[in-house]
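First comes the structure, then the notes that go with it.
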Amino acid sequence: MTYQFLQHYWWFLVSLLGALLVFLMFVQGGNFWAAVSCVDDKRRRMMINSTGRKWELTFTTLVTFGGAFFASFPLFYSTSFGGAYWVWIIILFTFVFQAVSYEFQNKKGNLLGAKPFQWFLAVNGIFGPFLVGTAVGTFFTGSAFTVDKSAIYAGGTPVISSWANGWHGLEALAQPWAVLLGVSVFLLAAMLGALYIMNNVDDEELRAKMHVRTLWSGVAFVAAFVTWLIHLLLCKGYAVGSDGTVSLESMKYLHNLLEMPVVLVVLLAGVVLVLLGWFKGAFTSSVKGIWAAGAGTVLAVLAVLLIAGYNGTAYYPSSADLQSSLTLANSCSSPFTLKAMFWASLAIPFVVAYIAFAWHAMDRKKITGEEMDAEDIKY
Amino acid sequence: MDATMIDWSRLQFAMTAAYHWIFVPLTLGLSIIVAIMETLYVVKKDEFWKKVSKFWMKLFAINFAVGIATGIILEFEFGTNWSNYSWFVGDIFGAPLAIEGIFAFFMESTFFAVMFFGWNKVSKRFHLASTWLTAIGAAISAFWILVANSWMQHPVGTEFNPDTVRSEMVSFWAVVSNPIAITKFFHAVFSGWMTGAVFVAGVSCWYLLKKREVKFATASIMVACLVGLSGGAATMLTGDSSGIHAAKYQPMKLAAAEGLEDGGPRAPFSIVPGIEVPAMLSILATHSIDGYVPGINDILNGYTDNAGNTELPVKEKMARGQLAIQSLKQYRETRGSDPTQAAEHLSSFRENEKFMGYGYLDKPEDVIPNVPLIFWSFRVMVGLGSFLMLLLVVLAWLAWKKKLEGCNWLQWIALLSIPLVYICGQAGWIVAEAGRQPWTIQDLLPVGVAVSSLGAAAVKTTFFIFLTVFALFLAIEISILIKAIAKGPEME
């Protein structure tokens with residue numbers, strides 16, 4: 001295993017975790033709908049209980065995504081988390097509030113009543129996907145940071161990564177293309193949420209509502225995402241030369257797709273599957289649209305993240321100092337660690353298998369109104 | 001570096017870690033207790049035990065949510081507030097975190113959902129397996145995070161790479177089998193068993209005081225005592241090894257915990273200031289009456305132990321550390337242009353790299369942690385731990401003899417001991433973490449070099465936001481727990 005192979009292997013895994021995370025944000029989408037849909041309390045509760053059986057999976061994927069990124073590309077972790085401080089702190093808060101809201105909202109003695117917790121879920125449902133999407137958007141637009149390893153021994157401030165402005169990440173919200181990706185991820189999560197609720201909750205009225213929601217959130221998502229994608233393929237990208245120097249190259253991401261036809265196929269397959277899932281959910285009586293749309297989401301997001309880092313591309317470019325940009329080679333862990341982690345990662349299929357098994361076992365019986373009335377253990 | 005910012009970063013991390021540790025020990029202990037109860041249900045085919053399990057599981061779930069929510073904050077804070085640390089040691093420290101995610105968190109969260117919601121959805125056996133897997137997942141998770149933490153106490157299996165300017169892993173096995181990690185894992189997990197046991201026993205005694213749910217309460221106390229006593233015994237044994245490890249790898253921590261100014265062979269053990277047991281510290285820390293235990297002044301001024309190993313005075317370590325930093329700089333500046341020079345600088349760096357961390361200190365006294373804090377925390381931990389052990393023994397004895405019901409005074413003590421077990425656990429972590437100061441990583445990286453490049457105001461702001469949110473969550477959690485306990489188990 002060469003060092004280069006290991007770097008690419010780990011970028012693939014981090015991208016895959018990111019892709020799975022976006023798929024699993026159907027939880028956030030479902031919570032968004034639970035907050036804004038005109039349904040009675042019982043149906044709202046069915047929706048919350050439906051996403052409530054999966055939220056820990058989304059949450060754990062986020063944690064593992066963070067852990068895997070830390071272990072394989074520590075310079076990203078130190079530069080982005082320490083630099084874009086406020087963005088990560090806000091993302092963190094929306095997820096922390098979400099985590100306790102399920103358990104707390106309908107419990108006696110929760111001090112605040114049910115409403116605030118439902119709002120916390122909704123806030124996470126909107127800003128969780130939006131901010132994660134915006135943060136990933138900066139993988140293509142660039143962020144204002146510098147990295148100087150000599151800081152450790154130069155005698156001044158010993159911190160090697162510093163942010164070049166006082167906004168500490170919030171400036172990404174003024175970067176329209178990053179924001180557009182954020183909006184796209186939010187709309188995608190909303191569409192997936194509607195498809196998931198349709199599949200997981202056995203209730204005619206809710207299904208009819210989610211049907212319509214799938215239609216419109218799907219249309220909005222496709223419009224936002226396709227605009228973003230076209231811009232991405234035409235804009236300048238951050239290319240890494242064989243000596244490690246970073247330079248701007250026009251239509252870099254388009255070149256990446258054309259030079260890596262497999263990734264192009266993955267992207268197209270992903271888009272087709274998302275559209276197929278959307279079509280099933282919006283225009284047929286099938287409740288299985290989530291599976292096609294989910295698989296498509298994983299493939300499409302995977303492809304987008306792969307072109308951010310593969311084929312000699314700086315995946316976390318710096319707009320403050322081009323040569324500070326993070327590439328797979330300059331930000332990764334040592335060959336030893338990547339290799340040790342490679343062996344550990346071989347257990348992932350086993351983990352996926354037991355998750356699938358438990359998921360299947362739990363979802364054989366759909367959530368129904370009768371269950372909500374009869375079951376004493378629920379959120 | 002801005003000292004205020006460093007202090008606020010430390011305070012924020014300490015608060016988050018301490019807060020997280022309110023919820024984790026109960027998760028570790030209660031998960032085992034619930035698993036045993038459900039096993040009794042499946043083996044004895046007695047609905048009584050199913051109801052008992054379900055009640056404690058409900059409390060487990062309330063506690064579990066906040067534990068998960070606060071765990072992710074710690075993970076993020078490594079990056080947001082300890083940016084330089086994340087780069088400097090990410091190569092070693094990140095790996096256990098990633099493995100924890102892959103191997104433990106998914107197991108915990110997947111099977112927690114089955115355990116909590118699956119009573120009517122999956123078979124009895126699958127459900128029982130899920131309950132055990134949740135408990136095992138929690139323990140595995142504790143193992144990996146403690147591997148990471150122990151590496152900060154005793155950085156093994158690592159080497160500084162001057163070309164990448166960071167520490168890199170050279171032996172995964174050394175990191176995983178770090179003796180401190182093994183001891184710490186058992187110490188933390190078994191102290192969690194004690195926490196779970198004291199919690200269950202205390203709540204059950206409240207029912208006895210109220211003359212409610214007597215059968216339920218007595219049965220719960222029996223299981224709790226079984227788990228608590230085995231956990232407590234193991235906590236004491238591993239506590240002993242922790243002392244030996246501190247003497248070997250972190251003598252300053254031990255000296256601070258004992259308030260030992262001047263050490264030597266036959267070092268005395270101080271029970272409280274003024275009351276000492278001669279030579280006891282040497283026996284505890286080295287398992288030999290003549291064992292050499294250095295005091296704070298010995299460490300500052302340098303010493304030679306019985307085996308003839310000499311530790312340099314801190315001042316000299318600082319000088320050599322500065323030399324290491326200087327050589328690293330010169331190596332980096334000459335490596336492209338003058339390979340011979342670069343090789344010389346590199347070998348000078350290698351000679352002194354062991355002391356590199358000391359090169360960042362301002363004065364020798366910086367190596368002394370907050371002695372009163374650690375001294376008293378240590379006494380609180382040991383004192384409360386011993387008291388709680390005794391309590392569990394008495395409870396178990398009287399429950400066994402079926403005399404517990406009449407002992408109102410003991411029921412009160414058990415109930416009032418619930419906060420004590422939390423204070424005990426917190427005190428333990430204060431000894432472990434505050435005792436490591438000023439180091440983020442022992443001898444390698446002082447806290448001031450580990451931080452992010454942020455303004456003090458930003459960290460101060462997030463500190464107070466966290467404080468407010470944590471206080472709110474704790475108030476809600478306690479209020480919900482009290483309501484659920486007052487409602488009681490549904491035994492009919």
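Here, A, B, ... name the chains of the structure tokens in the order displayed, residue numbers run from 1 inside each chain, and ligands are numbered from 1 in the same displayed order.
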
- Message: Among range 240-443 of chain B, which ones does DSSP assign to strand (DSSP E or B) (computed from the backbone)? Answer as a PyMOL selection string.
- Response: chain B and resi 264-265+269-272+275-277+292-293+303-304+310-311+439-441

- Nearby residues (only C-alpha atoms) at most 10 Å from Ile478 in chain B, same-chain spacing under 3 positions excluded, as number ranges by chain: A: 109-110; B: 62-63, 473-475, 481-484

Let's have the selection written as a CSV table (one decimal), in the first residue's frame, with C-alpha atoms.
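What follows is the written file result.csv:
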```
chain,number,residue,atom,x,y,z
A,109,GLY,CA,-41.4,17.6,34.4
A,110,ASN,CA,-39.5,18.9,31.4
B,62,ILE,CA,-33.4,10.0,30.0
B,63,ASN,CA,-29.8,10.0,31.2
B,473,PHE,CA,-30.4,20.5,30.6
B,474,LEU,CA,-29.3,19.4,34.0
B,475,ALA,CA,-32.3,21.1,35.6
B,481,LEU,CA,-36.1,11.9,36.6
B,482,ILE,CA,-37.8,13.0,39.8
B,483,LYS,CA,-41.2,12.9,38.1
B,484,ALA,CA,-40.5,9.5,36.6
```

- Task: Determine, counting only C-alpha atoms, which protein, DNA and RNA residues have an atom within 8 Å of an atom of Gly79 in chain B; residues of the same chain fewer than 6 positions away are not included. Present the result as a list in words.
- Result: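 That gives Tyr77, Ser78, Thr79, Ser80, Phe81 and Gly82 of chain A; Ser86 of chain B.
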
Filtering to C-alpha atoms, could you give me those residues as a PDB file, in the first residue's frame?
```pdb
ATOM      1  CA  TYR A  77      -9.605  19.322  11.758  1.00  0.00           C
ATOM      2  CA  SER A  78      -7.256  21.817  13.374  1.00  0.00           C
ATOM      3  CA  THR A  79      -7.566  24.429  10.633  1.00  0.00           C
ATOM      4  CA  SER A  80     -11.276  24.334   9.940  1.00  0.00           C
ATOM      5  CA  PHE A  81     -12.659  23.634  13.417  1.00  0.00           C
ATOM      6  CA  GLY A  82     -10.310  26.028  15.171  1.00  0.00           C
TER       7      GLY A  82
ATOM      8  CA  SER B  86      -5.257  18.538  16.908  1.00  0.00           C
TER       9      SER B  86
END
```

Can you list every residue of chain B that has an atom at most 7 Å from chain A, with its nearest atom pair and the distance in Å to one decimal, using only C-alpha atoms, ordered by chain then number, as a tab-separated table?
```
residue	atom	partner	partner_atom	distance
B:Met1	CA	A:Thr157	CA	5.7
B:Ile62	CA	A:Glu103	CA	6.2
B:Ala65	CA	A:Val100	CA	5.6
B:Val66	CA	A:Val100	CA	5.9
B:Ala69	CA	A:Val96	CA	4.9
B:Ile72	CA	A:Val63	CA	6.4
B:Ile73	CA	A:Leu92	CA	6.8
B:Gly79	CA	A:Phe81	CA	4.8
B:Thr80	CA	A:Gly82	CA	3.8
B:Asn81	CA	A:Gly82	CA	5.9
B:Ser83	CA	A:Ser78	CA	4.2
B:Asn84	CA	A:Val159	CA	5.5
B:Ser86	CA	A:Ser78	CA	5.2
B:Trp87	CA	A:Leu75	CA	5.4
B:Gly90	CA	A:Pro74	CA	5.1
B:Asp91	CA	A:Ser333	CA	5.1
B:Gly94	CA	A:Ala71	CA	3.8
B:Ala95	CA	A:Ala71	CA	4.9
B:Leu97	CA	A:Gly67	CA	5.3
B:Ala98	CA	A:Gly67	CA	4.2
B:Gly101	CA	A:Thr64	CA	4.7
B:Ile102	CA	A:Thr64	CA	6.5
B:Phe105	CA	A:Thr60	CA	6.3
B:Phe106	CA	A:Thr60	CA	6.4
B:Ser109	CA	A:Glu56	CA	5.7
B:Thr110	CA	A:Ile355	CA	6.2
B:Ala113	CA	A:Arg53	CA	6.2
B:Val114	CA	A:Met362	CA	6.9
B:Phe117	CA	A:Ile377	CA	6.6
B:Gly118	CA	A:Met362	CA	6.6
B:Lys121	CA	A:Met362	CA	6.0
B:Val122	CA	A:Ala361	CA	6.5
B:Val165	CA	A:Lys149	CA	6.7
B:Glu168	CA	A:Ser334	CA	6.5
B:Met169	CA	A:Thr337	CA	6.3
B:Val170	CA	A:Phe336	CA	6.7
B:Ile325	CA	A:Tyr153	CA	5.5
B:Gln326	CA	A:Tyr153	CA	7.0
B:Lys329	CA	A:Tyr153	CA	5.8
B:Val449	CA	A:Pro158	CA	5.9
B:Ser452	CA	A:Gly82	CA	5.5
B:Ser453	CA	A:Ser162	CA	5.7
B:Ile476	CA	A:Asn110	CA	5.2
B:Ser479	CA	A:Gly109	CA	5.3
B:Ile480	CA	A:Gly109	CA	4.7
B:Lys483	CA	A:Gly109	CA	6.0
```

- Task: Grab the CA of Met47 in chain A to CA of Leu275 in chain A distance for me, in Å with one decimal place.
- Result: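 Spanning CA of Met47 in chain A to CA of Leu275 in chain A is a straight-line distance of 23.9 Å.
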
- Item | Residues within 6 Å of range 15-30 of chain B, only C-alpha atoms, excluding chain neighbours under 6 positions, as a ChimeraX atom specification | /B:67,70,192-193,195-196

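Residue nearest Phe12 in chain A, chosen from A:Val36, A:Leu328, A:Ala374, A:Leu264 and counting only C-alpha atoms: A:Leu328.
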
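Near Arg332 in chain B, within a cut-off of 9 Å and counting only C-alpha atoms, sit the residues Ser150 of chain A; Pro162, Asp163, Ser327, Leu328, Gly336, Ala342, His345 and Leu346 of chain B, with same-chain residues fewer than 4 positions away left out.
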
Take the residues that were just selected and, keeping N, CA and C atoms, output them as a short mmCIF file (atom, residue, chain, number, x, y, z; two decimals), in the first residue's frame.
```
data_model
loop_
_atom_site.label_atom_id
_atom_site.label_comp_id
_atom_site.auth_asym_id
_atom_site.auth_seq_id
_atom_site.Cartn_x
_atom_site.Cartn_y
_atom_site.Cartn_z
N SER A 150 6.01 26.58 10.70
CA SER A 150 7.18 27.08 11.42
C SER A 150 6.77 27.80 12.70
N PRO B 162 10.33 15.75 12.49
CA PRO B 162 10.68 17.15 12.25
C PRO B 162 10.27 17.64 10.85
N ASP B 163 10.03 16.73 9.93
CA ASP B 163 9.65 17.16 8.59
C ASP B 163 8.18 17.57 8.52
N SER B 327 17.12 23.81 17.51
CA SER B 327 17.69 22.87 16.53
C SER B 327 16.66 22.50 15.47
N LEU B 328 15.42 22.36 15.90
CA LEU B 328 14.35 22.04 14.95
C LEU B 328 14.24 23.15 13.91
N GLY B 336 16.95 22.07 3.05
CA GLY B 336 16.93 22.15 1.59
C GLY B 336 18.28 22.54 1.01
N ALA B 342 22.21 20.38 8.17
CA ALA B 342 20.88 19.92 8.58
C ALA B 342 21.00 18.66 9.42
N HIS B 345 22.03 19.58 12.94
CA HIS B 345 20.92 20.14 13.70
C HIS B 345 19.93 19.06 14.08
N LEU B 346 19.73 18.14 13.17
CA LEU B 346 18.77 17.07 13.45
C LEU B 346 19.26 16.23 14.62
#
```

- For Ser241 in chain B, please output as a ChimeraX atom specification all residues within 9 Å (counting only C-alpha atoms; exclusion window: fewer than 5 positions along the same chain). /B:180,183,236,246,285

- To one decimal place, how far is CA of Leu187 in chain A from CA of Tyr238 in chain A in Å?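 It comes out at 27.5 Å.
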
- Message: Nearest residue to Ser217 in chain A out of A:Leu24, A:Leu170, A:Ala282, A:Ala269, using only C-alpha atoms?
- Response: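 Among A:Leu24, A:Leu170, A:Ala282, A:Ala269, it is A:Ala282 that comes nearest to Ser217 in chain A.
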
Would you kindly return, as an mmCIF file with C-alpha atoms, in the first residue's frame, each protein, DNA or RNA residue with an atom no farther than 6 Å from any atom of Val185 in chain A, considering only C-alpha atoms and excluding same-chain residues fewer than 2 positions away?
```cif
data_model
loop_
_atom_site.group_PDB
_atom_site.id
_atom_site.type_symbol
_atom_site.label_atom_id
_atom_site.label_comp_id
_atom_site.auth_asym_id
_atom_site.auth_seq_id
_atom_site.Cartn_x
_atom_site.Cartn_y
_atom_site.Cartn_z
ATOM 1 C CA PRO A 129 -28.411 20.460 6.856
ATOM 2 C CA GLY A 133 -23.999 22.064 3.318
ATOM 3 C CA GLY A 182 -26.367 24.760 1.919
ATOM 4 C CA VAL A 183 -29.852 25.478 0.588
ATOM 5 C CA LEU A 187 -34.033 20.927 0.369
ATOM 6 C CA LEU A 188 -32.636 17.468 -0.259
#
```

- Message: Just the number, please: distance in Å from CA of Pro251 in chain B to CA of Pro294 in chain B, one decimal.
- Response: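 Calculated distance between CA of Pro251 in chain B and CA of Pro294 in chain B is 6.8 Å.
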